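The structure appears right after this line, and notes come after that.
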Amino acid sequence: MAGFVSNLLILLLLFQNISLGFRSPLSVFKRYKDTSTSLSSECLGNVQPVISFGLSDFALDIRMPAVTPKQSDTYLCMSVPLPVDDEAYVVDFKPHASMDTVHHMLLFGCNEPSSTENYWDCDEGTCKDKSNILYAWARNAPPTRLPKGVGFRVGGETGSRYFVLQVHYGDVSAFRDKHKDCSGVTLHLTHQKQPLIAGMYLMMSVNTVIPPGKKVVDADIACHYKRSPMHLFAYRVHTHRLGKVVSGYRVRNGQWTLIGRQSPQLPQAFYPVKYPIDISYDDILAARCVFSGEGRTTETHIGGTANDEMCNFYIMYYMEAKHAVSYMTCTQNTNPEMFRNIPQEANIPIPVKSDVKKMMHGHNEELKDSDTSSLLQQDKKEEDILDQDFHIEEAVEWPGLDLKLGQVSGLALDLQNNLVVFHRGDRIWDENSFDSKFVYQQRGLGPIEQNTIIVLNPSNAKLLHSTGKNMFYLPHGLSVDKNGNYWVTDVALHQVFKLGANDKEPLLILGVPLQPGSDKNHFCQPTDVAVDPVTGSIYISDGYCNSRIIQFSPNGLYVMQWGEETSLGRSRPGQFYIPHSLALVPDLSQLCVADRENGRIQCFRLETGEFTKEIKHKAFGRELFAVSYSPGGLLFAINGMPYPGEAESVQGFVMNFSTGEIIDTFIPLRESFEMPHDIVASEDRTVFVGDVHAKAVWKFASVEKMEHRSVKKAGIEVQETKESETIVEARLKNKPESRDPLKNMDKQHLVQQASSTGVSFVLITTLLIIPVVVLLVILVFIRWRKTTVYGADGECKLDSTAGRILGRLRGKGGGGINLGNFFASQKGYSRKGFDRLSTEGSDQEKDEDDGTDSEEECSASPLPPAPSSS
């Protein structure tokens, strides 16, 4: 019996050890990372600076040794030797710093630090030999990650043997309490060879002079690349206070390709390159910094102090290991003439709020309480828009459903936030409107005799203005530019028009009347138009029988186009199946497209047409008709009727533009959507939806979700909020529990997920307890047996043995979680190299009975696109 018990205990011990052995080696690094994060400001104490996990990986903690800077703009350096002689690779970085105390951090690799002291003033230098920048962190900068299989090579015969940390303390008022600072970074290193080696390419102007008071000064840098191919994955810009925008490009055969463009007054992070860019032998790398000398009374030169300037464009790249070079620089302008052809975007400053700039350049600047309050309010404004718990509800008092309109095809808001409606009067788009070549068949009817553009008071739908009589055949898209001009498309005329609000004749016409085509001068049923408020560039979605977005200059000259027809199978980025609606996102210089028949939103860079993101949800169904952007980061959209047998309902969507997440959905309360065709939203989240089949315009408003008590009277629910404000909403008496199946699905999913988590927890707990209970039962039994057979001495011996085994079992605990990779999300190069900132056939409707009506837009499958005439 004793032998059986001993074997059982040994098996239990082995089982626990084996279970622990299945933990990823990175879990140890994760535990170490979490521990180091919670350390006090008095630093690491007796915590081990090197942690080994697994056979090949280890972590190295690099921290300032409890320093207290005495003066603002102090640069302190310290060094740490690589703890191994063999070649290793840095594959991840985890910063430990607070923007309250640290302006920026730089991590260098070299073989001989400038000092052997515990730490030193960086004015003495960082390294005596050549140094390579490995990492940069600055205030507020988001994280960047190294791609998989990429690492910075250190150690061995050619790699750096020392790490030198440079910390810039901008404003030392935070050290009035004399506390110690231990800011730094934890490195994750591995001995496993990485197939791709990371490196840094620095483009830097060294001789730029900025005259006092001069509004625009360009600093240009350009070098021919003469090495093995490299692949770019991140970039970072850096200037001091006078910098407005920094842009970097690859120039190949005269074609400029954007690497990255950013305001240096925003957090100076290593931002990911949006699209893969390779650099080949004899390509040109070019960069431009735009400065302004306004406010200065003397010349400003390139230098390392706060009153000097810098023009730096950093590129992170990787190369095949056998050809890898860890650090390259470019400080020349080998071809000044080429900058005559630099894209216009490089000359356009990126707006930055003055208070944000003050925060980012906070050297020796103390804000007054009122200024601080204002700053916090502005910084939180956009966050508050997304954080507020609101719901979009129909404004039941809006009389827009009773307006005598034709098919409503386009909506917009003018400069006074009045509602502008583009409708078709007595004209209908049906199956007889076009032939197989998209030529309009009802020209004999002449243009629409009613005013097709009407302006309504957004509160009471009172008519304020109307125009557009005897001009259009089949209206479609509408937008209003920053000067109040109307931009419209006509799918029958295959044209785009610019109209002054009070002009009877168009200011600009694009396209050839009644002639469909696909070259630079023709459109084929163009759907929408958008005008960039900064550059005046015109963007047109073309259309039902073409699959492209075309850019024109402000005076109507062709610039470029992008897009192609959707291929068989899954649609790829940049492919369209009726680009139906456009929404400008001026904050981010992007253009979003409602890719109707692909049921998705695609967004692109305004300057280059490069794809940036796709937003697609199951709740959209097969069709997404229209999209609108509201300042503050909200995206509004409306989908189409579901196909027979499909469950997705017709509804409006509110989304977080950054994440694509659906925040809210909405539908009318009084009547149902029939064929919503366009949507427009204002900054206060007032939303209008135009329905082409119902010939109506719905208004929706944002309702804050506050605690309230309800009083129901005759189907009307009166909600009294805490602030005593009363909100009256129309309700159906027998309203179902929720009008929002999407939210119900989400809630059900969360309940299931919580239930699943609870079951898992109970199961795991039970499995862990059973062996302990069995062991205790065995011990009680043995104790009883020993007491009966051998007496107290035997009991004591067994007790001692069992205690030792239990102790060993308890001592083997510890779990782990995989380390989340962080990389250079935080950069700030400050003086010293880094500055701180841280269908219808058309609109066609599908009837459930598969029938058609002469008043409906037909539901036939879209005809094949016309052959290109170019």
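Order determines the names: the first chain of the structure tokens is A, the second B, and so forth; residues in each chain are numbered 1 upward, and ligands are numbered 1 upward as they are shown.
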What lies within 9 Å of Leu510 (chain A) using only C-alpha atoms, ignoring chain neighbours under 4 positions off, as a PyMOL selection string? chain A and resi 494-498+521-523+556
Would you list the contacts of Val217 (chain A) as a VMD selection string, taking every protein, DNA or RNA residue within 6 Å and counting only C-alpha atoms, but skipping same-chain residues closer than 4 positions in sequence? chain A and resid 290 to 292
Could you pull out the strand (DSSP E or B) residues of region 382-503 of chain A from DSSP and send them as number ranges by chain? A: 390-394, 408-413, 419-423, 434, 440, 453-456, 463-467, 475-480, 486-490, 495-499
Taking 4 positions as the minimum chain separation for residues in the same chain, which residues sit within 8 Å of Ser649 (chain A) when counting only C-alpha atoms? Answer as a ChimeraX atom specification. /A:619,621,641-642
How would the residues just chosen look if you wrote them out with all heavy atoms as a PDB file, in the first residue's frame?
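Final output, saved to selection.pdb:
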```
ATOM      1  N   ALA A 619     -23.818  42.561 -41.132  1.00  0.00           N
ATOM      2  CA  ALA A 619     -25.070  43.303 -41.024  1.00  0.00           C
ATOM      3  C   ALA A 619     -25.324  44.201 -42.236  1.00  0.00           C
ATOM      4  O   ALA A 619     -26.466  44.613 -42.468  1.00  0.00           O
ATOM      5  CB  ALA A 619     -25.074  44.138 -39.746  1.00  0.00           C
ATOM      6  N   GLY A 621     -25.247  43.239 -45.222  1.00  0.00           N
ATOM      7  CA  GLY A 621     -25.882  42.485 -46.288  1.00  0.00           C
ATOM      8  C   GLY A 621     -25.066  42.575 -47.559  1.00  0.00           C
ATOM      9  O   GLY A 621     -23.863  42.837 -47.539  1.00  0.00           O
ATOM     10  N   MET A 641     -31.876  46.827 -49.646  1.00  0.00           N
ATOM     11  CA  MET A 641     -32.849  45.789 -49.331  1.00  0.00           C
ATOM     12  C   MET A 641     -32.182  44.422 -49.397  1.00  0.00           C
ATOM     13  O   MET A 641     -31.351  44.163 -50.276  1.00  0.00           O
ATOM     14  CB  MET A 641     -34.001  45.833 -50.328  1.00  0.00           C
ATOM     15  CG  MET A 641     -34.907  47.043 -50.188  1.00  0.00           C
ATOM     16  SD  MET A 641     -35.936  46.962 -48.704  1.00  0.00           S
ATOM     17  CE  MET A 641     -37.011  45.597 -49.125  1.00  0.00           C
ATOM     18  N   PRO A 642     -32.533  43.523 -48.465  1.00  0.00           N
ATOM     19  CA  PRO A 642     -31.937  42.188 -48.516  1.00  0.00           C
ATOM     20  C   PRO A 642     -32.473  41.379 -49.684  1.00  0.00           C
ATOM     21  O   PRO A 642     -33.579  41.626 -50.167  1.00  0.00           O
ATOM     22  CB  PRO A 642     -32.364  41.573 -47.178  1.00  0.00           C
ATOM     23  CG  PRO A 642     -33.649  42.272 -46.836  1.00  0.00           C
ATOM     24  CD  PRO A 642     -33.467  43.678 -47.342  1.00  0.00           C
TER      25      PRO A 642
END
```
Test item: residues at most 8 Å from region 235-247 of chain A, only C-alpha atoms, excluding those fewer than 4 positions along its chain, as a tab-separated table (two decimals) with all heavy atoms, in the first residue's frame:
```
chain	number	residue	atom	x	y	z
A	258	LEU	N	4.77	57.74	-52.40
A	258	LEU	CA	4.83	58.22	-51.03
A	258	LEU	C	5.24	57.11	-50.07
A	258	LEU	O	4.63	56.03	-50.05
A	258	LEU	CB	3.48	58.79	-50.60
A	258	LEU	CG	3.40	59.36	-49.18
A	258	LEU	CD1	4.23	60.63	-49.07
A	258	LEU	CD2	1.94	59.64	-48.80
A	259	ILE	N	6.27	57.38	-49.28
A	259	ILE	CA	6.65	56.47	-48.19
A	259	ILE	C	5.88	56.85	-46.93
A	259	ILE	O	5.28	56.01	-46.27
A	259	ILE	CB	8.17	56.55	-47.91
A	259	ILE	CG1	8.95	56.11	-49.14
A	259	ILE	CG2	8.54	55.72	-46.69
A	259	ILE	CD1	10.44	56.36	-49.04
A	260	GLY	N	5.88	58.12	-46.61
A	260	GLY	CA	5.15	58.59	-45.44
A	260	GLY	C	5.13	60.10	-45.40
A	260	GLY	O	6.04	60.77	-45.92
A	261	ARG	N	4.12	60.66	-44.78
A	261	ARG	CA	3.95	62.11	-44.66
A	261	ARG	C	3.28	62.40	-43.33
A	261	ARG	O	2.28	61.77	-42.99
A	261	ARG	CB	3.10	62.63	-45.82
A	261	ARG	CG	2.66	64.09	-45.73
A	261	ARG	CD	1.88	64.48	-46.98
A	261	ARG	NE	1.35	65.82	-46.89
A	261	ARG	CZ	0.12	66.13	-46.48
A	261	ARG	NH1	-0.69	65.16	-46.11
A	261	ARG	NH2	-0.28	67.38	-46.43
A	262	GLN	N	3.84	63.31	-42.56
A	262	GLN	CA	3.29	63.57	-41.24
A	262	GLN	C	3.71	64.96	-40.76
A	262	GLN	O	4.72	65.50	-41.19
A	262	GLN	CB	3.77	62.51	-40.25
A	262	GLN	CG	3.11	62.57	-38.88
A	262	GLN	CD	1.59	62.47	-38.96
A	262	GLN	OE1	0.93	63.49	-39.18
A	262	GLN	NE2	1.06	61.28	-38.80
A	263	SER	N	2.90	65.50	-39.86
A	263	SER	CA	3.28	66.74	-39.19
A	263	SER	C	4.26	66.42	-38.07
A	263	SER	O	3.98	65.56	-37.23
A	263	SER	CB	2.05	67.43	-38.61
A	263	SER	OG	2.45	68.47	-37.73
A	264	PRO	N	5.40	67.11	-38.01
A	264	PRO	CA	6.34	66.87	-36.91
A	264	PRO	C	5.84	67.43	-35.59
A	264	PRO	O	6.48	67.22	-34.56
A	264	PRO	CB	7.61	67.58	-37.39
A	264	PRO	CG	7.12	68.66	-38.30
A	264	PRO	CD	5.91	68.11	-38.98
A	265	GLN	N	4.73	68.14	-35.60
A	265	GLN	CA	4.15	68.65	-34.36
A	265	GLN	C	3.19	67.66	-33.72
A	265	GLN	O	2.64	67.91	-32.66
A	265	GLN	CB	3.43	69.98	-34.62
A	265	GLN	CG	4.27	71.00	-35.37
A	265	GLN	CD	5.61	71.26	-34.73
A	265	GLN	OE1	5.73	71.26	-33.50
A	265	GLN	NE2	6.64	71.48	-35.54
A	268	GLN	N	5.84	61.93	-32.49
A	268	GLN	CA	6.86	61.52	-33.45
A	268	GLN	C	7.13	60.02	-33.31
A	268	GLN	O	8.16	59.58	-32.85
A	268	GLN	CB	8.13	62.34	-33.25
A	268	GLN	CG	7.89	63.80	-33.59
A	268	GLN	CD	9.16	64.61	-33.61
A	268	GLN	OE1	10.24	64.12	-33.36
A	268	GLN	NE2	9.03	65.89	-33.90
A	269	ALA	N	6.16	59.27	-33.76
A	269	ALA	CA	6.25	57.82	-33.70
A	269	ALA	C	6.87	57.28	-34.98
A	269	ALA	O	7.00	57.98	-35.97
A	269	ALA	CB	4.86	57.22	-33.51
A	270	PHE	N	7.27	56.00	-34.94
A	270	PHE	CA	7.56	55.28	-36.15
A	270	PHE	C	6.24	54.75	-36.66
A	270	PHE	O	5.72	53.75	-36.18
A	270	PHE	CB	8.56	54.15	-35.91
A	270	PHE	CG	9.99	54.59	-36.00
A	270	PHE	CD1	10.72	54.84	-34.86
A	270	PHE	CD2	10.59	54.77	-37.23
A	270	PHE	CE1	12.03	55.27	-34.94
A	270	PHE	CE2	11.89	55.20	-37.32
A	270	PHE	CZ	12.63	55.45	-36.17
A	271	TYR	N	5.66	55.44	-37.63
A	271	TYR	CA	4.37	55.04	-38.18
A	271	TYR	C	4.58	53.96	-39.24
A	271	TYR	O	5.53	54.02	-40.02
A	271	TYR	CB	3.66	56.24	-38.80
A	271	TYR	CG	3.27	57.29	-37.79
A	271	TYR	CD1	4.12	58.36	-37.51
A	271	TYR	CD2	2.07	57.21	-37.11
A	271	TYR	CE1	3.77	59.33	-36.58
A	271	TYR	CE2	1.70	58.16	-36.18
A	271	TYR	CZ	2.56	59.22	-35.92
A	271	TYR	OH	2.20	60.17	-34.99
A	272	PRO	N	3.70	52.97	-39.30
A	272	PRO	CA	3.87	51.92	-40.31
A	272	PRO	C	3.65	52.46	-41.71
A	272	PRO	O	2.77	53.29	-41.95
A	272	PRO	CB	2.80	50.89	-39.93
A	272	PRO	CG	1.78	51.66	-39.16
A	272	PRO	CD	2.53	52.74	-38.43
A	273	VAL	N	4.47	51.99	-42.65
A	273	VAL	CA	4.26	52.31	-44.06
A	273	VAL	C	2.99	51.61	-44.50
A	273	VAL	O	2.82	50.40	-44.26
A	273	VAL	CB	5.47	51.85	-44.90
A	273	VAL	CG1	5.20	52.03	-46.38
A	273	VAL	CG2	6.71	52.64	-44.49
A	287	ALA	N	13.18	63.46	-49.76
A	287	ALA	CA	12.38	63.95	-48.64
A	287	ALA	C	12.34	65.47	-48.67
A	287	ALA	O	13.29	66.12	-49.13
A	287	ALA	CB	12.93	63.46	-47.31
A	288	ARG	N	11.24	66.02	-48.17
A	288	ARG	CA	11.11	67.48	-48.05
A	288	ARG	C	10.54	67.84	-46.69
A	288	ARG	O	9.54	67.24	-46.26
A	288	ARG	CB	10.23	68.06	-49.15
A	288	ARG	CG	9.78	69.51	-48.90
A	288	ARG	CD	9.08	70.14	-50.08
A	288	ARG	NE	10.05	70.49	-51.13
A	288	ARG	CZ	9.73	71.10	-52.28
A	288	ARG	NH1	8.45	71.39	-52.53
A	288	ARG	NH2	10.66	71.39	-53.16
A	289	CYS	N	11.18	68.81	-46.03
A	289	CYS	CA	10.65	69.42	-44.82
A	289	CYS	C	10.19	70.83	-45.16
A	289	CYS	O	10.94	71.58	-45.81
A	289	CYS	CB	11.70	69.49	-43.71
A	289	CYS	SG	12.37	67.89	-43.20
A	290	VAL	N	9.00	71.19	-44.75
A	290	VAL	CA	8.48	72.54	-44.97
A	290	VAL	C	8.49	73.28	-43.63
A	290	VAL	O	7.90	72.82	-42.65
A	290	VAL	CB	7.06	72.50	-45.55
A	290	VAL	CG1	6.51	73.92	-45.71
A	290	VAL	CG2	7.05	71.77	-46.90
A	291	PHE	N	9.18	74.44	-43.62
A	291	PHE	CA	9.29	75.27	-42.41
A	291	PHE	C	8.63	76.62	-42.63
A	291	PHE	O	8.38	77.04	-43.77
A	291	PHE	CB	10.76	75.51	-42.05
A	291	PHE	CG	11.54	74.27	-41.71
A	291	PHE	CD1	12.35	73.67	-42.66
A	291	PHE	CD2	11.48	73.73	-40.44
A	291	PHE	CE1	13.08	72.53	-42.36
A	291	PHE	CE2	12.21	72.59	-40.11
A	291	PHE	CZ	13.01	71.99	-41.07
A	292	SER	N	8.39	77.31	-41.53
A	292	SER	CA	7.95	78.70	-41.58
A	292	SER	C	8.76	79.49	-40.56
A	292	SER	O	8.86	79.09	-39.39
A	292	SER	CB	6.45	78.82	-41.27
A	292	SER	OG	6.08	80.19	-41.18
A	293	GLY	N	9.34	80.61	-41.01
A	293	GLY	CA	10.13	81.45	-40.12
A	293	GLY	C	9.31	82.54	-39.45
A	293	GLY	O	9.88	83.42	-38.80
A	306	ALA	N	17.03	73.76	-28.58
A	306	ALA	CA	15.60	74.00	-28.77
A	306	ALA	C	15.32	75.14	-29.73
A	306	ALA	O	14.28	75.18	-30.38
A	306	ALA	CB	14.94	74.28	-27.42
A	308	ASP	N	17.27	75.88	-32.34
A	308	ASP	CA	17.70	75.49	-33.67
A	308	ASP	C	16.59	74.70	-34.35
A	308	ASP	O	15.52	74.50	-33.80
A	308	ASP	CB	18.98	74.64	-33.60
A	308	ASP	CG	20.18	75.43	-33.09
A	308	ASP	OD1	20.28	76.63	-33.43
A	308	ASP	OD2	20.99	74.85	-32.36
A	309	GLU	N	16.87	74.22	-35.55
A	309	GLU	CA	15.91	73.37	-36.26
A	309	GLU	C	16.60	72.09	-36.72
A	309	GLU	O	17.82	71.99	-36.75
A	309	GLU	CB	15.30	74.08	-37.47
A	309	GLU	CG	13.95	74.72	-37.18
A	309	GLU	CD	12.92	73.74	-36.63
A	309	GLU	OE1	13.04	72.52	-36.90
A	309	GLU	OE2	12.00	74.18	-35.92
A	310	MET	N	15.79	71.13	-37.08
A	310	MET	CA	16.26	69.88	-37.67
A	310	MET	C	15.28	69.46	-38.73
A	310	MET	O	14.09	69.78	-38.67
A	310	MET	CB	16.41	68.78	-36.61
A	310	MET	CG	17.38	69.12	-35.50
A	310	MET	SD	17.74	67.72	-34.43
A	310	MET	CE	18.86	66.81	-35.48
A	311	CYS	N	15.79	68.74	-39.73
A	311	CYS	CA	14.94	68.17	-40.78
A	311	CYS	C	15.37	66.72	-40.97
A	311	CYS	O	16.37	66.45	-41.65
A	311	CYS	CB	15.11	68.96	-42.08
A	311	CYS	SG	14.34	68.16	-43.53
A	312	ASN	N	14.67	65.82	-40.33
A	312	ASN	CA	15.02	64.40	-40.37
A	312	ASN	C	13.84	63.56	-40.85
A	312	ASN	O	12.71	63.77	-40.40
A	312	ASN	CB	15.44	63.89	-38.98
A	312	ASN	CG	16.72	64.53	-38.49
A	312	ASN	OD1	17.36	65.30	-39.19
A	312	ASN	ND2	17.08	64.22	-37.26
A	313	PHE	N	14.14	62.61	-41.71
A	313	PHE	CA	13.15	61.61	-42.13
A	313	PHE	C	13.79	60.24	-41.94
A	313	PHE	O	14.76	59.91	-42.61
A	313	PHE	CB	12.73	61.82	-43.58
A	313	PHE	CG	11.59	60.93	-44.02
A	313	PHE	CD1	10.29	61.24	-43.67
A	313	PHE	CD2	11.81	59.79	-44.78
A	313	PHE	CE1	9.23	60.41	-44.06
A	313	PHE	CE2	10.77	58.97	-45.18
A	313	PHE	CZ	9.47	59.29	-44.82
A	314	TYR	N	13.26	59.48	-40.97
A	314	TYR	CA	13.81	58.17	-40.65
A	314	TYR	C	13.01	57.08	-41.35
A	314	TYR	O	11.77	57.13	-41.40
A	314	TYR	CB	13.74	57.91	-39.14
A	314	TYR	CG	14.55	58.85	-38.30
A	314	TYR	CD1	14.02	60.06	-37.87
A	314	TYR	CD2	15.84	58.53	-37.93
A	314	TYR	CE1	14.76	60.94	-37.10
A	314	TYR	CE2	16.60	59.40	-37.15
A	314	TYR	CZ	16.04	60.60	-36.74
A	314	TYR	OH	16.78	61.45	-35.98
A	315	ILE	N	13.71	56.11	-41.87
A	315	ILE	CA	13.05	54.98	-42.51
A	315	ILE	C	13.56	53.69	-41.86
A	315	ILE	O	14.77	53.46	-41.80
A	315	ILE	CB	13.36	54.92	-44.03
A	315	ILE	CG1	12.97	56.24	-44.70
A	315	ILE	CG2	12.62	53.75	-44.67
A	315	ILE	CD1	13.42	56.33	-46.14
A	316	MET	N	12.67	52.87	-41.39
A	316	MET	CA	13.03	51.53	-40.92
A	316	MET	C	12.82	50.55	-42.07
A	316	MET	O	11.79	50.59	-42.73
A	316	MET	CB	12.19	51.12	-39.72
A	316	MET	CG	12.74	51.60	-38.40
A	316	MET	SD	11.95	50.76	-37.03
A	316	MET	CE	12.91	51.42	-35.68
A	346	ALA	N	3.20	67.39	-50.61
A	346	ALA	CA	4.39	67.65	-49.81
A	346	ALA	C	4.50	69.10	-49.39
A	346	ALA	O	5.24	69.43	-48.46
A	346	ALA	CB	5.65	67.24	-50.59
A	347	ASN	N	3.75	70.00	-50.04
A	347	ASN	CA	3.82	71.42	-49.74
A	347	ASN	C	2.66	71.89	-48.87
A	347	ASN	O	2.58	73.07	-48.52
A	347	ASN	CB	3.81	72.23	-51.05
A	347	ASN	CG	4.96	71.85	-51.95
A	347	ASN	OD1	6.10	71.74	-51.50
A	347	ASN	ND2	4.68	71.61	-53.23
A	348	ILE	N	1.75	70.98	-48.53
A	348	ILE	CA	0.54	71.36	-47.79
A	348	ILE	C	0.72	71.01	-46.31
A	348	ILE	O	0.82	69.84	-45.96
A	348	ILE	CB	-0.69	70.64	-48.35
A	348	ILE	CG1	-0.87	70.99	-49.84
A	348	ILE	CG2	-1.93	71.02	-47.55
A	348	ILE	CD1	-1.98	70.22	-50.52
A	349	PRO	N	0.80	72.01	-45.44
A	349	PRO	CA	0.95	71.72	-44.00
A	349	PRO	C	-0.22	70.91	-43.48
A	349	PRO	O	-1.35	71.05	-43.94
A	349	PRO	CB	1.00	73.11	-43.36
A	349	PRO	CG	1.39	74.04	-44.48
A	349	PRO	CD	0.79	73.46	-45.73
A	350	ILE	N	0.07	70.05	-42.51
A	350	ILE	CA	-0.98	69.29	-41.83
A	350	ILE	C	-1.41	70.11	-40.61
A	350	ILE	O	-0.60	70.38	-39.72
A	350	ILE	CB	-0.47	67.91	-41.41
A	350	ILE	CG1	-0.10	67.11	-42.67
A	350	ILE	CG2	-1.49	67.17	-40.56
A	350	ILE	CD1	0.50	65.76	-42.37
A	361	HIS	N	5.48	70.61	-27.37
A	361	HIS	CA	6.72	71.36	-27.21
A	361	HIS	C	6.74	72.02	-25.85
A	361	HIS	O	7.01	73.21	-25.72
A	361	HIS	CB	6.84	72.43	-28.30
A	361	HIS	CG	7.13	71.88	-29.64
A	361	HIS	ND1	8.32	71.27	-29.96
A	361	HIS	CD2	6.39	71.80	-30.77
A	361	HIS	CE1	8.31	70.89	-31.23
A	361	HIS	NE2	7.14	71.19	-31.73
A	827	LYS	N	8.31	57.69	-30.36
A	827	LYS	CA	9.61	58.17	-30.71
A	827	LYS	C	9.68	59.60	-30.46
A	827	LYS	O	8.82	60.33	-30.72
A	827	LYS	CB	9.89	58.03	-32.14
A	827	LYS	CG	8.83	57.68	-32.90
A	827	LYS	CD	8.05	56.73	-32.82
A	827	LYS	CE	6.96	56.18	-32.48
A	827	LYS	NZ	6.13	55.68	-32.82
A	828	GLY	N	10.72	60.10	-30.16
A	828	GLY	CA	10.87	61.46	-30.09
A	828	GLY	C	12.31	61.66	-30.20
A	828	GLY	O	13.09	61.18	-29.48
A	829	TYR	N	12.69	62.41	-31.17
A	829	TYR	CA	14.11	62.62	-31.39
A	829	TYR	C	14.27	63.99	-30.97
A	829	TYR	O	13.71	64.83	-31.48
A	829	TYR	CB	14.30	62.56	-32.84
A	829	TYR	CG	15.69	62.38	-33.22
A	829	TYR	CD1	16.54	61.62	-32.47
A	829	TYR	CD2	16.16	62.95	-34.36
A	829	TYR	CE1	17.80	61.44	-32.89
A	829	TYR	CE2	17.42	62.74	-34.75
A	829	TYR	CZ	18.22	62.00	-34.02
A	829	TYR	OH	19.47	61.78	-34.44
A	830	SER	N	14.90	64.48	-30.16
A	830	SER	CA	14.86	65.86	-29.91
A	830	SER	C	16.20	66.37	-30.16
A	830	SER	O	17.06	65.73	-30.61
A	830	SER	CB	14.51	66.08	-28.51
A	830	SER	OG	13.65	67.05	-28.41
A	831	ARG	N	16.41	67.50	-29.79
A	831	ARG	CA	17.71	68.08	-30.00
A	831	ARG	C	18.62	66.94	-29.77
A	831	ARG	O	18.40	66.19	-28.90
A	831	ARG	CB	18.01	69.14	-28.99
A	831	ARG	CG	16.83	69.90	-28.44
A	831	ARG	CD	15.82	69.97	-29.19
A	831	ARG	NE	14.64	70.08	-29.55
A	831	ARG	CZ	13.60	70.60	-29.10
A	831	ARG	NH1	13.60	71.02	-28.15
A	831	ARG	NH2	12.52	70.70	-29.64
A	834	PHE	N	16.94	63.70	-32.04
A	834	PHE	CA	15.52	63.42	-32.07
A	834	PHE	C	14.84	64.52	-31.31
A	834	PHE	O	15.25	64.84	-30.26
A	834	PHE	CB	15.19	62.13	-31.35
A	834	PHE	CG	15.36	60.95	-32.19
A	834	PHE	CD1	16.39	60.86	-33.08
A	834	PHE	CD2	14.50	59.92	-32.08
A	834	PHE	CE1	16.54	59.75	-33.83
A	834	PHE	CE2	14.66	58.81	-32.83
A	834	PHE	CZ	15.67	58.73	-33.70
A	835	ASP	N	13.78	65.01	-31.84
A	835	ASP	CA	13.07	66.02	-31.11
A	835	ASP	C	11.91	65.39	-30.45
A	835	ASP	O	11.39	64.44	-30.90
A	835	ASP	CB	12.55	67.07	-32.05
A	835	ASP	CG	11.98	68.20	-31.31
A	835	ASP	OD1	12.62	68.73	-30.44
A	835	ASP	OD2	10.90	68.57	-31.63
```
